[in-house]
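Participant: I am sharing my_file19.csv, which consists of CSV, C-alpha atoms:
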chain,number,residue,atom,x,y,z
A,1,MET,CA,-37.2,-10.2,23.0
A,2,ARG,CA,-36.8,-9.0,19.4
A,3,PHE,CA,-34.1,-6.5,20.4
A,4,ASP,CA,-32.2,-9.3,22.1
A,5,ARG,CA,-32.2,-11.3,18.9
A,6,ILE,CA,-31.0,-8.4,16.9
A,7,ALA,CA,-28.3,-7.6,19.4
A,8,LEU,CA,-27.2,-11.2,19.4
A,9,ALA,CA,-27.1,-11.4,15.6
A,10,GLY,CA,-25.1,-8.2,15.4
A,11,ALA,CA,-22.6,-9.5,18.0
A,12,LEU,CA,-22.3,-12.8,16.1
A,13,ILE,CA,-21.7,-11.0,12.8
A,14,ALA,CA,-19.1,-8.7,14.3
A,15,ALA,CA,-17.3,-11.7,16.0
A,16,LEU,CA,-17.2,-13.5,12.6
A,17,ALA,CA,-15.9,-10.5,10.8
A,18,LEU,CA,-13.1,-9.5,13.2
A,19,PRO,CA,-10.6,-12.0,11.8
A,20,ALA,CA,-11.1,-10.6,8.3
A,21,LEU,CA,-10.4,-7.1,9.6
A,22,ALA,CA,-7.2,-8.1,11.4
A,23,TRP,CA,-4.2,-6.4,9.8
A,24,GLU,CA,-0.5,-7.0,10.5
A,25,GLU,CA,2.7,-5.4,9.4
A,26,PRO,CA,5.1,-7.7,7.5
A,27,LYS,CA,8.5,-7.7,9.4
A,28,ARG,CA,11.5,-5.9,7.9
A,29,GLY,CA,13.5,-8.3,5.8
A,30,SER,CA,10.6,-10.8,5.4
A,31,GLN,CA,10.0,-12.3,2.0
A,32,LEU,CA,6.4,-11.0,2.1
A,33,ARG,CA,7.6,-7.4,2.6
A,34,LYS,CA,10.2,-7.8,-0.2
A,35,ASP,CA,7.5,-9.3,-2.5
A,36,LEU,CA,5.2,-6.4,-1.8
A,37,MET,CA,7.8,-3.7,-2.5
A,38,ASN,CA,8.8,-5.5,-5.7
A,39,THR,CA,5.1,-5.5,-6.7
A,40,ILE,CA,4.7,-1.8,-6.1
A,41,ARG,CA,8.1,-0.7,-7.4
A,42,PRO,CA,7.5,-1.1,-11.2
A,43,LEU,CA,4.3,1.0,-10.9
A,44,ALA,CA,6.2,3.7,-9.1
A,45,GLU,CA,9.1,3.6,-11.6
A,46,ASP,CA,6.7,3.9,-14.5
A,47,ALA,CA,5.5,7.2,-13.0
A,48,LEU,CA,8.6,8.5,-11.3
A,49,SER,CA,11.3,6.9,-13.4
A,50,ALA,CA,13.8,4.4,-12.2
A,51,PRO,CA,15.4,3.8,-9.8
A,52,VAL,CA,12.9,4.2,-6.9
A,53,GLN,CA,13.5,3.3,-3.3
A,54,PHE,CA,10.9,3.4,-0.6
A,55,VAL,CA,10.8,4.5,3.0
A,56,VAL,CA,7.9,2.6,4.5
A,57,GLU,CA,5.7,4.6,6.7
A,58,ASP,CA,2.8,2.2,6.9
A,59,LEU,CA,2.4,-1.3,5.5
A,60,ARG,CA,-0.5,-3.5,6.4
A,61,VAL,CA,-1.6,-6.9,5.2
A,62,ASN,CA,-5.0,-8.4,6.2
A,63,ALA,CA,-5.2,-11.8,7.8
A,64,ALA,CA,-6.2,-13.5,4.6
A,65,ARG,CA,-3.2,-11.8,2.9
A,66,ASP,CA,-5.3,-10.8,-0.1
A,67,ARG,CA,-5.3,-7.1,0.6
A,68,VAL,CA,-2.5,-4.7,1.3
A,69,PHE,CA,-2.3,-1.0,2.2
A,70,ALA,CA,1.1,0.8,1.8
A,71,GLY,CA,2.0,4.3,2.7
A,72,LEU,CA,5.4,5.0,1.2
A,73,GLN,CA,7.8,7.8,0.7
A,74,PRO,CA,9.5,7.3,-2.7
A,75,GLN,CA,13.1,8.5,-3.1
A,76,ARG,CA,16.2,7.9,-5.1
A,77,PRO,CA,18.8,5.6,-3.7
A,78,GLY,CA,20.8,7.1,-1.0
A,79,GLY,CA,17.8,9.2,0.2
A,80,LYS,CA,17.9,11.7,-2.7
A,81,PRO,CA,14.6,13.4,-3.4
A,82,ILE,CA,12.7,12.7,-6.6
A,83,LEU,CA,12.5,15.9,-8.7
A,84,TRP,CA,9.4,16.4,-10.8
A,85,GLU,CA,11.3,17.4,-13.9
A,86,GLU,CA,13.2,14.0,-13.8
A,87,THR,CA,10.1,11.9,-13.8
A,88,ASN,CA,8.2,10.1,-16.6
A,89,LEU,CA,5.1,12.0,-15.4
A,90,ALA,CA,6.8,15.3,-16.4
A,91,ARG,CA,8.0,13.8,-19.7
A,92,ARG,CA,4.4,12.7,-20.5
A,93,GLY,CA,3.1,16.2,-19.7
A,94,ASP,CA,1.1,15.3,-16.6
A,95,ASP,CA,0.0,18.0,-14.2
A,96,PRO,CA,2.8,18.7,-11.7
A,97,MET,CA,0.2,19.5,-9.1
A,98,ALA,CA,-0.7,15.7,-9.1
A,99,PHE,CA,2.9,15.0,-7.8
A,100,SER,CA,3.4,15.7,-4.1
A,101,GLY,CA,7.0,14.4,-4.3
A,102,SER,CA,6.7,12.9,-0.9
A,103,ALA,CA,3.9,10.3,-0.7
A,104,LEU,CA,2.7,7.3,-2.5
A,105,HIS,CA,-0.2,5.3,-1.3
A,106,ALA,CA,-1.2,1.9,-2.7
A,107,LEU,CA,-4.1,-0.4,-2.1
A,108,LEU,CA,-3.5,-3.9,-3.5
A,109,HIS,CA,-5.8,-6.8,-3.9
A,110,ARG,CA,-4.7,-10.4,-4.8
A,111,ASP,CA,-7.0,-12.4,-7.0
A,112,GLY,CA,-6.6,-15.7,-8.8
A,113,ALA,CA,-4.4,-14.1,-11.4
A,114,GLY,CA,-1.8,-12.7,-9.0
Would you mind writing the file out in C-alpha coordinates?

Facilitator:
Amino acid sequence: MRFDRIALAGALIAALALPALAWEEPKRGSQLRKDLMNTIRPLAEDALSAPVQFVVEDLRVNAARDRVFAGLQPQRPGGKPILWEETNLARRGDDPMAFSGSALHALLHRDGAG
(Lines of atoms letter the chains of each structure in order from A and count residues from 1; the text may use other names and numbers.)
(Lines give C-alpha, C1' and ligand atoms only; values in the text may rest on other atoms or scores of the structure.)
Protein backbone atom coordinates (compact mmCIF):
# COMPACT_ATOMS: atom_id res chain seq x y z
CA MET A 1 0.00 0.00 0.00
CA ARG A 2 2.80 2.46 0.88
CA PHE A 3 4.53 1.78 -2.47
CA ASP A 4 1.29 2.56 -4.33
CA ARG A 5 1.03 5.94 -2.61
CA ILE A 6 4.64 6.80 -3.40
CA ALA A 7 4.17 5.77 -7.04
CA LEU A 8 0.95 7.78 -7.29
CA ALA A 9 2.60 10.84 -5.72
CA GLY A 10 5.54 10.53 -8.11
CA ALA A 11 3.24 10.25 -11.13
CA LEU A 12 1.24 13.27 -9.96
CA ILE A 13 4.39 15.38 -9.49
CA ALA A 14 5.67 14.34 -12.93
CA ALA A 15 2.33 15.18 -14.57
CA LEU A 16 2.28 18.62 -12.96
CA ALA A 17 5.90 19.31 -13.94
CA LEU A 18 5.58 18.33 -17.62
CA PRO A 19 4.09 21.64 -18.80
CA ALA A 20 7.00 23.49 -17.19
CA LEU A 21 9.44 21.27 -19.09
CA ALA A 22 7.77 21.79 -22.47
CA TRP A 23 10.05 23.61 -24.90
CA GLU A 24 9.23 25.08 -28.28
CA GLU A 25 11.24 26.68 -31.06
CA PRO A 26 10.14 30.20 -31.99
CA LYS A 27 9.28 30.29 -35.68
CA ARG A 28 11.55 32.06 -38.16
CA GLY A 29 10.46 35.63 -38.63
CA SER A 30 8.45 35.69 -35.38
CA GLN A 31 8.72 38.69 -33.10
CA LEU A 32 9.84 36.47 -30.22
CA ARG A 33 12.73 35.09 -32.27
CA LYS A 34 13.78 38.60 -33.33
CA ASP A 35 13.59 39.81 -29.73
CA LEU A 36 15.75 36.92 -28.54
CA MET A 37 18.42 37.50 -31.19
CA ASN A 38 18.39 41.23 -30.38
CA THR A 39 18.89 40.37 -26.70
CA ILE A 40 21.85 38.08 -27.38
CA ARG A 41 23.49 40.17 -30.12
CA PRO A 42 24.88 43.01 -27.92
CA LEU A 43 26.53 40.45 -25.66
CA ALA A 44 28.11 38.71 -28.65
CA GLU A 45 29.20 42.01 -30.19
CA ASP A 46 30.84 43.03 -26.92
CA ALA A 47 33.03 39.95 -27.12
CA LEU A 48 33.36 39.43 -30.88
CA SER A 49 33.07 43.04 -32.13
CA ALA A 50 30.24 44.28 -34.31
CA PRO A 51 28.65 43.36 -36.58
CA VAL A 52 27.59 39.83 -35.63
CA GLN A 53 25.04 37.70 -37.43
CA PHE A 54 23.80 34.35 -36.15
CA VAL A 55 23.08 31.03 -37.76
CA VAL A 56 20.60 29.44 -35.37
CA GLU A 57 21.35 25.79 -34.72
CA ASP A 58 19.11 25.36 -31.68
CA LEU A 59 16.67 27.80 -30.12
CA ARG A 60 14.26 26.68 -27.41
CA VAL A 61 11.87 28.60 -25.19
CA ASN A 62 10.07 26.97 -22.27
CA ALA A 63 6.29 27.07 -22.05
CA ALA A 64 6.32 29.88 -19.48
CA ARG A 65 8.62 31.86 -21.83
CA ASP A 66 10.93 32.77 -18.99
CA ARG A 67 13.87 30.57 -20.01
CA VAL A 68 15.67 30.30 -23.34
CA PHE A 69 18.45 28.10 -24.65
CA ALA A 70 20.25 29.19 -27.80
CA GLY A 71 22.92 27.34 -29.76
CA LEU A 72 24.25 29.78 -32.35
CA GLN A 73 27.02 30.07 -34.90
CA PRO A 74 28.22 33.67 -34.90
CA GLN A 75 29.53 35.07 -38.17
CA ARG A 76 30.01 38.34 -39.96
CA PRO A 77 27.29 39.47 -42.37
CA GLY A 78 27.34 37.54 -45.60
CA GLY A 79 28.60 34.39 -43.86
CA LYS A 80 32.16 35.58 -43.35
CA PRO A 81 33.99 33.92 -40.45
CA ILE A 82 34.90 35.84 -37.33
CA LEU A 83 38.67 36.02 -36.97
CA TRP A 84 40.12 36.01 -33.46
CA GLU A 85 42.48 38.91 -34.08
CA GLU A 86 39.51 41.11 -35.11
CA THR A 87 37.57 40.61 -31.87
CA ASN A 88 37.30 42.68 -28.71
CA LEU A 89 38.39 39.56 -26.83
CA ALA A 90 41.75 39.68 -28.62
CA ARG A 91 42.08 43.43 -28.01
CA ARG A 92 41.46 42.85 -24.29
CA GLY A 93 44.15 40.17 -24.21
CA ASP A 94 41.81 37.26 -23.47
CA ASP A 95 43.02 33.72 -24.04
CA PRO A 96 42.51 32.72 -27.69
CA MET A 97 41.86 29.15 -26.55
CA ALA A 98 38.58 30.40 -25.05
CA PHE A 99 37.39 31.30 -28.55
CA SER A 100 36.20 28.42 -30.65
CA GLY A 101 35.24 30.73 -33.49
CA SER A 102 32.23 28.63 -34.25
CA ALA A 103 29.86 28.23 -31.33
CA LEU A 104 28.00 30.45 -28.95
CA HIS A 105 25.63 29.03 -26.36
CA ALA A 106 23.34 31.18 -24.27
CA LEU A 107 20.99 30.39 -21.44
CA LEU A 108 18.67 33.29 -20.65
CA HIS A 109 16.23 33.78 -17.80
CA ARG A 110 13.58 36.50 -17.74
CA ASP A 111 12.85 38.02 -14.37
CA GLY A 112 10.81 41.01 -13.25
CA ALA A 113 13.51 43.41 -14.49
CA GLY A 114 13.61 42.09 -18.05

Participant: Using all atoms listed in the file, determine which residues lie at most 9 Å from region 27-41 of chain A, disregarding the query and same-chain residues fewer than 4 positions distant; provide the list as a PyMOL selection string.

Facilitator: chain A and resi 45-46+51-54+59+68+106+108

Participant: To one decimal in Å, tell me the separation between CA of Pro26 (chain A) and CA of Arg67 (chain A).

Facilitator: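 If I compute the distance from CA of Pro26 (chain A) to CA of Arg67 (chain A), I get 12.5 Å.
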
Participant: Excluding region 84-90 of chain A and its own-chain neighbours fewer than 4 positions away, which residues fall within 6 Å of it when counting all atoms listed in the file? Please give them as a VMD selection string.

Facilitator: chain A and resid 47 to 49 94

Participant: So what do you get for CA of Val55 (chain A) versus CA of Gly71 (chain A), distance-wise?

Facilitator: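 Atom-to-atom, CA of Val55 (chain A) to CA of Gly71 (chain A), that is 8.8 Å.
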
Participant: Enclose region 47-65 of chain A, meaning all of its atoms listed in the file, in a box aligned along x, y and z, pad it by 4 Å on each side, and list the centre and edge lengths in Å to one decimal, as AutoDock Vina command-line options.

Facilitator:
--center_x 4.6 --center_y -2.5 --center_z -2.8 --size_x 29.6 --size_y 30.0 --size_z 29.2

Participant: To one decimal in Å, tell me the separation between CA of Glu25 (chain A) and CA of Asp58 (chain A).

Facilitator: 8.0 Å

Participant: Hey, which of A:Leu43, A:Ala22, A:Leu107, A:Val56 ends up closest to Gln75 (chain A)? Count only C-alpha atoms.

Facilitator: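 Closest residue, counting only C-alpha atoms: A:Val56.
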
Participant: From the list A:Gly93, A:Glu24, A:Lys80, A:Leu104, which residue is nearest Arg65 (chain A) when using all atoms listed in the file?

Facilitator: A:Glu24

Participant: Nearest to Phe69 (chain A) among A:Leu83, A:Ala44, A:Asp95, A:Trp23, with distances taken over only C-alpha atoms: which residue is it?

Facilitator: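 Once distances to Phe69 (chain A) are computed over only C-alpha atoms, the minimum belongs to A:Trp23.
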